[in-house]
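K.L.:
Here you go, this is my_file.cif (mmCIF, C-alpha atoms and all ligand atoms).
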data_run
loop_
_atom_site.label_atom_id
_atom_site.label_comp_id
_atom_site.auth_asym_id
_atom_site.auth_seq_id
_atom_site.Cartn_x
_atom_site.Cartn_y
_atom_site.Cartn_z
CA MET M 223 106.65 51.45 -78.86
CA SER M 224 106.52 49.67 -75.51
CA ASN M 225 105.08 46.28 -76.36
CA ILE M 226 104.68 44.81 -72.87
CA ILE M 227 105.40 45.86 -69.29
CA VAL M 228 108.45 43.84 -68.29
CA ASN M 229 108.62 44.87 -64.62
CA PRO M 230 105.62 45.55 -62.41
CA TYR M 231 105.99 48.20 -59.70
CA ASN M 232 107.39 46.81 -56.45
CA LEU M 233 105.57 48.24 -53.44
CA THR M 234 108.05 49.12 -50.67
CA LEU M 235 107.52 47.70 -47.17
CA GLU M 236 106.45 51.16 -46.01
CA GLU M 237 103.90 51.39 -48.85
CA GLN M 238 102.56 47.92 -48.07
CA LYS M 239 102.14 48.99 -44.44
CA ILE M 240 100.17 52.12 -45.41
CA ILE M 241 97.92 50.07 -47.70
CA GLY M 242 97.44 47.42 -45.03
CA GLU M 243 96.41 50.00 -42.45
CA LYS M 244 94.45 52.54 -44.50
CA PHE M 245 92.97 50.76 -47.48
CA LYS M 246 89.52 49.34 -46.79
CA THR M 247 87.66 49.31 -50.11
CA HIS M 248 88.11 50.32 -53.76
CA THR M 249 86.56 53.80 -53.36
CA ASP M 250 89.47 54.71 -51.02
CA TRP M 251 91.67 54.80 -54.14
CA ASP M 252 89.94 58.00 -55.30
CA THR M 253 88.68 59.52 -52.07
CA SER M 254 91.57 59.10 -49.64
CA ASP M 255 94.77 61.15 -49.86
CA ASN M 256 96.67 58.50 -47.91
CA PHE M 257 97.79 56.91 -51.16
CA ASP M 258 98.80 60.01 -53.16
CA GLU M 259 102.52 59.38 -52.72
CA ILE M 260 102.17 55.68 -53.62
CA LYS M 261 100.16 56.57 -56.74
CA LYS M 262 102.80 59.09 -57.77
CA ASN M 263 105.54 56.47 -57.38
CA ILE M 264 103.54 53.96 -59.44
CA ARG M 265 102.94 56.58 -62.18
CA ASP M 266 106.58 57.64 -62.32
CA PHE M 267 107.74 54.03 -62.51
CA LEU M 268 105.25 52.92 -65.16
CA ARG M 269 105.88 55.94 -67.39
CA ILE M 270 109.37 54.62 -67.97
CA GLU M 271 108.26 50.96 -68.28
CA GLN M 272 105.59 51.90 -70.83
CA ASP M 273 107.72 54.38 -72.73
CA ASN M 274 105.12 56.97 -71.68
CA LYS M 275 102.41 55.42 -73.86
CA CYS M 276 98.81 54.44 -73.05
CA CYS M 277 98.61 50.65 -72.64
CA TYR M 278 95.53 50.42 -74.90
CA CYS M 279 95.86 53.03 -77.68
CA LYS M 280 99.67 53.54 -77.46
CA ARG M 281 99.31 57.29 -77.74
CA GLU M 282 101.71 59.53 -75.83
CA LEU M 283 100.61 60.32 -72.27
CA GLY M 284 100.56 63.94 -71.16
CA PHE M 285 102.39 65.13 -68.05
CA ASP M 286 99.48 66.86 -66.43
CA ILE M 287 97.74 64.78 -63.77
CA LYS M 288 94.53 64.87 -65.81
CA GLU M 289 96.24 63.38 -68.87
CA VAL M 290 97.25 60.07 -67.33
CA ASP M 291 95.34 57.46 -65.33
CA ILE M 292 96.49 54.48 -63.34
CA GLU M 293 94.35 51.87 -64.98
CA HIS M 294 93.13 48.79 -63.11
CA ILE M 295 93.14 46.04 -65.73
CA ILE M 296 90.64 44.06 -63.65
CA ALA M 297 88.26 46.81 -62.51
CA LYS M 298 88.76 47.67 -58.84
CA SER M 299 84.99 47.97 -58.39
CA LEU M 300 84.66 44.27 -59.33
CA HIS M 301 87.72 43.01 -57.42
CA TRP M 302 88.72 45.62 -54.84
CA LYS M 303 91.44 43.33 -53.46
CA PHE M 304 93.43 43.83 -56.66
CA THR M 305 93.39 47.63 -56.34
CA PHE M 306 97.10 47.73 -55.40
CA GLU M 307 98.12 44.48 -57.08
CA PRO M 308 101.15 45.59 -59.17
CA LEU M 309 100.26 43.20 -62.00
CA ASN M 310 96.85 44.82 -62.22
CA LEU M 311 98.20 48.33 -62.77
CA ALA M 312 99.13 50.04 -66.02
CA LEU M 313 99.02 53.62 -67.28
CA SER M 314 96.34 54.61 -69.75
CA CYS M 315 95.01 57.79 -71.24
CA PRO M 316 91.80 59.02 -69.54
CA GLY M 317 89.89 58.35 -72.79
CA CYS M 318 90.66 54.61 -72.83
CA ASN M 319 90.17 54.34 -69.07
CA THR M 320 86.76 56.03 -69.24
CA LYS M 321 85.58 53.93 -72.17
CA LYS M 322 86.70 50.70 -70.51
CA GLY M 323 85.09 51.75 -67.23
CA ASP M 324 83.97 48.83 -65.06
CA THR M 325 83.82 46.32 -67.92
CA ASN M 326 84.46 42.77 -66.77
CA ILE M 327 87.39 41.50 -68.82
CA LEU M 328 87.58 38.04 -67.25
CA ALA M 329 86.26 34.98 -69.07
CA LYS M 330 85.69 33.08 -65.79
CA SER M 331 85.38 34.33 -62.23
CA ILE M 332 88.53 34.24 -60.11
CA VAL M 333 89.67 34.22 -56.50
CA ARG M 334 93.41 34.85 -56.95
CA TYR M 335 95.05 37.24 -59.35
CA PRO M 336 95.66 35.46 -62.70
CA LYS M 337 99.22 34.28 -63.32
CA ASN M 338 98.86 34.53 -67.09
CA SER M 339 96.45 36.09 -69.56
CA LYS M 340 94.46 33.01 -70.55
CA ASN M 341 91.39 34.13 -68.62
CA VAL M 342 91.70 37.79 -69.70
CA THR M 343 89.69 38.82 -72.75
CA ILE M 344 91.60 42.01 -73.65
CA ILE M 345 95.30 42.83 -74.04
CA HIS M 346 96.82 42.51 -70.56
CA ALA M 347 99.67 45.02 -70.46
CA HIS M 348 101.85 42.73 -68.31
CA TYR M 349 101.18 39.47 -70.14
CA ASP M 350 100.30 40.14 -73.79
CA LYS M 351 102.50 41.64 -76.47
CA TYR M 352 100.62 44.50 -78.07
CA ASP M 353 101.87 43.94 -81.60
CA GLU M 354 100.69 40.32 -81.58
CA ASN M 355 97.14 41.56 -81.02
CA ILE M 356 96.74 44.95 -82.69
CA ASN M 357 98.39 46.59 -85.65
CA ILE M 358 98.28 50.41 -85.60
CA ILE M 359 98.19 52.06 -89.03
CA ASP M 360 98.98 55.77 -89.47
CA ASN M 361 98.88 56.21 -85.67
CA CYS M 362 95.09 56.19 -85.64
CA ILE M 363 93.65 53.08 -87.31
CA PHE M 364 93.52 49.98 -85.11
CA GLU M 365 93.54 46.69 -86.95
CA PRO M 366 92.86 43.61 -84.82
CA ILE M 367 95.12 40.61 -85.39
CA SER M 368 93.68 38.46 -82.61
CA LYS M 369 90.46 37.98 -80.68
CA LYS M 370 91.96 39.87 -77.74
CA GLY M 371 92.98 42.70 -80.04
CA SER M 372 89.48 42.90 -81.42
CA HIS M 373 87.94 42.89 -77.94
CA THR M 374 90.37 45.58 -76.73
CA ILE M 375 89.34 47.80 -79.66
CA THR M 376 85.66 47.30 -78.76
CA VAL M 377 86.03 47.78 -74.99
CA CYS M 378 88.19 50.93 -75.26
CA GLU M 379 86.34 52.17 -78.36
CA LEU M 380 89.62 52.74 -80.13
CA PHE M 381 87.82 53.77 -83.33
CA ARG M 382 87.17 57.04 -81.48
CA ILE M 383 90.79 58.03 -82.14
CA LYS M 384 90.41 57.93 -85.91
CA ILE M 385 87.28 60.12 -85.59
CA ALA M 386 89.13 62.57 -83.34
CA GLU M 387 92.09 62.75 -85.76
CA LYS M 388 89.73 63.40 -88.67
CA LYS M 389 87.95 66.19 -86.78
CA ALA M 390 91.26 67.78 -85.78
CA LYS M 391 92.38 67.77 -89.44
CA GLU M 392 89.08 69.31 -90.56
CA VAL M 393 89.44 72.14 -88.06
CA ILE M 394 92.93 72.95 -89.33
CA VAL M 395 91.91 72.73 -93.01
CA ASN M 396 88.80 74.82 -92.49
CA ARG M 397 90.69 77.66 -90.92
CA SER M 398 91.36 79.99 -93.83
CA PRO M 399 94.23 82.51 -93.76
CA GLU M 400 91.53 85.20 -93.36
CA SER M 401 90.13 83.59 -90.25
CA LYS M 402 93.63 83.45 -88.80
CA LEU M 403 94.03 87.18 -89.61
CA ILE M 404 90.74 87.94 -87.89
CA ASP M 405 92.10 86.19 -84.82
CA LEU M 406 95.17 88.37 -85.08
CA ILE M 407 93.07 91.53 -85.25
CA VAL M 408 90.99 90.49 -82.25
CA ASN M 409 94.14 89.95 -80.23
CA ALA M 410 96.29 92.74 -81.69
CA PRO M 411 97.61 95.53 -79.48
CA ALA M 412 96.04 98.89 -80.38
CA ASP M 413 99.12 100.23 -82.19
CA GLN M 414 99.23 97.24 -84.57
CA LEU M 415 95.52 97.02 -85.22
CA SER M 416 95.55 99.13 -88.39
CA ILE M 417 98.40 97.07 -89.92
CA ALA M 418 96.55 93.79 -89.31
CA PHE M 419 93.30 95.28 -90.60
CA ALA M 420 94.96 96.59 -93.80
CA GLU M 421 96.42 93.12 -94.40
CA LEU M 422 93.01 91.54 -94.04
CA MET M 423 91.41 94.00 -96.49
CA LYS M 424 94.16 93.23 -99.03
CA ARG M 425 93.44 89.48 -98.75
CA ILE M 426 89.69 89.68 -99.14
CA LYS M 427 89.64 92.13 -102.03
ZN ZN R 501 94.51 55.33 -74.65
#
Would you mind writing the file's structure down as structure tokens?
P.N.:
Amino acid sequence: MSNIIVNPYNLTLEEQKIIGEKFKTHTDWDTSDNFDEIKKNIRDFLRIEQDNKCCYCKRELGFDIKEVDIEHIIAKSLHWKFTFEPLNLALSCPGCNTKKGDTNILAKSIVRYPKNSKNVTIIHAHYDKYDENINIIDNCIFEPISKKGSHTITVCELFRIKIAEKKAKEVIVNRSPESKLIDLIVNAPADQLSIAFAELMKRIK
């Protein structure tokens, strides 16, 4: 498990120039396509740094664009100047990013980007070691071992993962062999329909 991001992404001079010229406010992050290439480079870089895990729930990130978000640790809507601050960026799953939303995670207001995590109330992926704050049991139960850990669990609603796992298991358990056979019949090519049907009749007799 990646415990902390060791290296933040280094914006190239060219990237800094694009940001300097085109970036005006935080909504540009989502609405402008000027930054697509920069965002891709940040994603590719952080996937390796984070061992392809969400910085909050540590679950594996998917490779589809909809399965990974560039998370702004300090919400860009609250501090738009930190939108491209490398120390403010980490990859998360869309679930954790959505739950965290625009939550203010700063204990006191700031002008400059924090140099350490003292003023940050959740696990800061660049400053705080995950395993000193949260213990993950069976890949789905999140046990807080610090105040920050506890607050991270609350802000990202990490208990949702245990509920999702439980539901997924129920779905699998509840699917009887007969229901799987019915699926087979529905999808069977015409020439194999009678074989699948005969099998089903045998099972339910
Ligand atoms: Zn997550």
K.L.:
Within 9 Å of ligand ZN 501 (chain R) (counting only C-alpha atoms and all ligand atoms), which residues show up? I'd like them as a list in words.
P.N.:
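Listed by chain and ascending number, the contacts are Lys275, Cys276, Cys277, Tyr278, Cys279, Lys280, Arg281, Glu282, Leu283, Leu313, Ser314, Cys315, Pro316, Gly317, Cys318, Asn319, Cys378, Leu380 and Ile383 of chain M.
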K.L.:
Write the residues of the preceding selection, restricted to C-alpha atoms, as a short mmCIF file (atom, residue, chain, number, x, y, z; two decimals), in the frame of the given file.
P.N.:
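Listing of selection21.cif after writing:
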data_model
loop_
_atom_site.label_atom_id
_atom_site.label_comp_id
_atom_site.auth_asym_id
_atom_site.auth_seq_id
_atom_site.Cartn_x
_atom_site.Cartn_y
_atom_site.Cartn_z
CA LYS M 275 102.41 55.42 -73.86
CA CYS M 276 98.81 54.44 -73.05
CA CYS M 277 98.61 50.65 -72.64
CA TYR M 278 95.53 50.42 -74.90
CA CYS M 279 95.86 53.03 -77.68
CA LYS M 280 99.67 53.54 -77.46
CA ARG M 281 99.31 57.29 -77.74
CA GLU M 282 101.71 59.53 -75.83
CA LEU M 283 100.61 60.32 -72.27
CA LEU M 313 99.02 53.62 -67.28
CA SER M 314 96.34 54.61 -69.75
CA CYS M 315 95.01 57.79 -71.24
CA PRO M 316 91.80 59.02 -69.54
CA GLY M 317 89.89 58.35 -72.79
CA CYS M 318 90.66 54.61 -72.83
CA ASN M 319 90.17 54.34 -69.07
CA CYS M 378 88.19 50.93 -75.26
CA LEU M 380 89.62 52.74 -80.13
CA ILE M 383 90.79 58.03 -82.14
#
K.L.:
Tell me which protein, DNA and RNA residues are within 8 Å of stretch 299-306 of chain M, counting only C-alpha atoms, leaving out same-chain ones fewer than 3 positions away, and put them as a ChimeraX atom specification.
P.N.:
/M:247-249,251,294,296,310-311,324,326,335
K.L.:
Please identify all polymer residues within 12 Å of M:Lys330, counting all atoms listed in the file, omitting same-chain residues fewer than 5 positions from it, and present them as number ranges by chain.
P.N.:
M: 336, 339-343
K.L.:
Rounded to one decimal place, report the atom CA of M:Thr325-atom CA of M:Ser372 distance in Å.
P.N.:
15.0 Å
K.L.:
Measuring between only C-alpha atoms, which one of M:Lys321, M:Lys262, M:Val393, M:Asp350 shows the shortest distance to M:Ile292?
P.N.:
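Smallest distance to M:Ile292 is found for M:Lys262.
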K.L.:
Atom CA of M:Arg269 to atom CA of M:Lys384: how many Å, to one decimal?
P.N.:
24.2 Å
K.L.:
Please identify all polymer residues within 6 Å of M:Gly371, counting only C-alpha atoms, omitting same-chain residues fewer than 5 positions from it, and present them as a VMD selection string.
P.N.:
chain M and resid 355 to 356 366
K.L.:
What lies within 12 Å of M:Ala386 using only C-alpha atoms, ignoring chain neighbours under 5 positions off, as number ranges by chain?
P.N.:
M: 317, 361-363, 379-381, 391-393
K.L.:
What is the distance, in Å and to one decimal place, between atom CA of M:Ile345 and atom CA of M:Val290?
P.N.:
18.6 Å
K.L.:
Give the answer as one residue: which of M:Ser331, M:Thr234, M:Ile385, M:Ile241 has the shortest atom-to-atom distance to M:Ser254, using only C-alpha atoms?
P.N.:
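Closest candidate: M:Ile241.
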K.L.:
Could you name the residues that touch M:Glu400 at 12 Å or less, counting all atoms listed in the file, but leaving out those on the same chain fewer than 5 positions away, as a PyMOL selection string?
P.N.:
chain M and resi 405-407+418-427
K.L.:
Which of these residues is nearest to M:His373, using all atoms listed in the file: M:Lys351, M:Arg265, M:Lys246, M:His346?
P.N.:
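Nearest candidate to M:His373 out of M:Lys351, M:Arg265, M:Lys246, M:His346: M:His346.
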K.L.:
Go through M:Ala297, M:Ile344, M:Leu415, M:Val408 and flag the residue nearest M:Thr376, using all atoms listed in the file for the distances.
P.N.:
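Closest to M:Thr376 of all the choices is M:Ile344.
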K.L.:
As AutoDock Vina command-line options, please report the centre and edge lengths, rounded to one decimal in Å, of the axis-aligned box that holds all listed atoms of stretch 376-389 of chain M with 5 Å of padding on each of the six sides.
P.N.:
--center_x 88.9 --center_y 56.7 --center_z -81.8 --size_x 16.4 --size_y 28.9 --size_z 23.7
K.L.:
Using only C-alpha atoms, find the one residue out of M:Leu328, M:Ile264, M:Phe257, M:Glu354 that sits nearest to M:Ile226.
P.N.:
M:Glu354
K.L.:
With distances taken over all atoms listed in the file, which of M:Ala347, M:Leu309, M:Ile327, M:Ile287 is nearest to M:Ile227?
P.N.:
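Selected residue with least distance to M:Ile227: M:Ala347.
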K.L.:
Can you put N, CA and C atoms back into stretch 277-288 of chain M and show it as a short mmCIF file (atom, residue, chain, number, x, y, z; two decimals), in the coordinates of the input?
P.N.:
data_model
loop_
_atom_site.label_atom_id
_atom_site.label_comp_id
_atom_site.auth_asym_id
_atom_site.auth_seq_id
_atom_site.Cartn_x
_atom_site.Cartn_y
_atom_site.Cartn_z
N CYS M 277 98.49 52.10 -72.42
CA CYS M 277 98.61 50.65 -72.64
C CYS M 277 97.58 50.13 -73.65
N TYR M 278 96.56 50.91 -73.98
CA TYR M 278 95.53 50.42 -74.90
C TYR M 278 95.60 51.06 -76.29
N CYS M 279 95.83 52.38 -76.35
CA CYS M 279 95.86 53.03 -77.68
C CYS M 279 97.27 53.41 -78.11
N LYS M 280 98.25 53.28 -77.18
CA LYS M 280 99.67 53.54 -77.46
C LYS M 280 99.95 54.99 -77.84
N ARG M 281 99.03 55.88 -77.49
CA ARG M 281 99.31 57.29 -77.74
C ARG M 281 100.10 57.84 -76.56
N GLU M 282 100.85 58.91 -76.83
CA GLU M 282 101.71 59.53 -75.83
C GLU M 282 100.87 60.05 -74.65
N LEU M 283 101.32 59.82 -73.44
CA LEU M 283 100.61 60.32 -72.27
C LEU M 283 101.11 61.72 -71.92
N GLY M 284 100.18 62.59 -71.55
CA GLY M 284 100.56 63.94 -71.16
C GLY M 284 101.16 63.95 -69.75
N PHE M 285 101.75 65.06 -69.36
CA PHE M 285 102.39 65.13 -68.05
C PHE M 285 101.53 65.80 -67.00
N ASP M 286 100.39 66.32 -67.42
CA ASP M 286 99.48 66.86 -66.43
C ASP M 286 98.74 65.69 -65.79
N ILE M 287 98.40 65.86 -64.52
CA ILE M 287 97.74 64.78 -63.77
C ILE M 287 96.45 64.31 -64.45
N LYS M 288 95.79 65.23 -65.15
CA LYS M 288 94.53 64.87 -65.81
C LYS M 288 94.74 64.13 -67.13
#
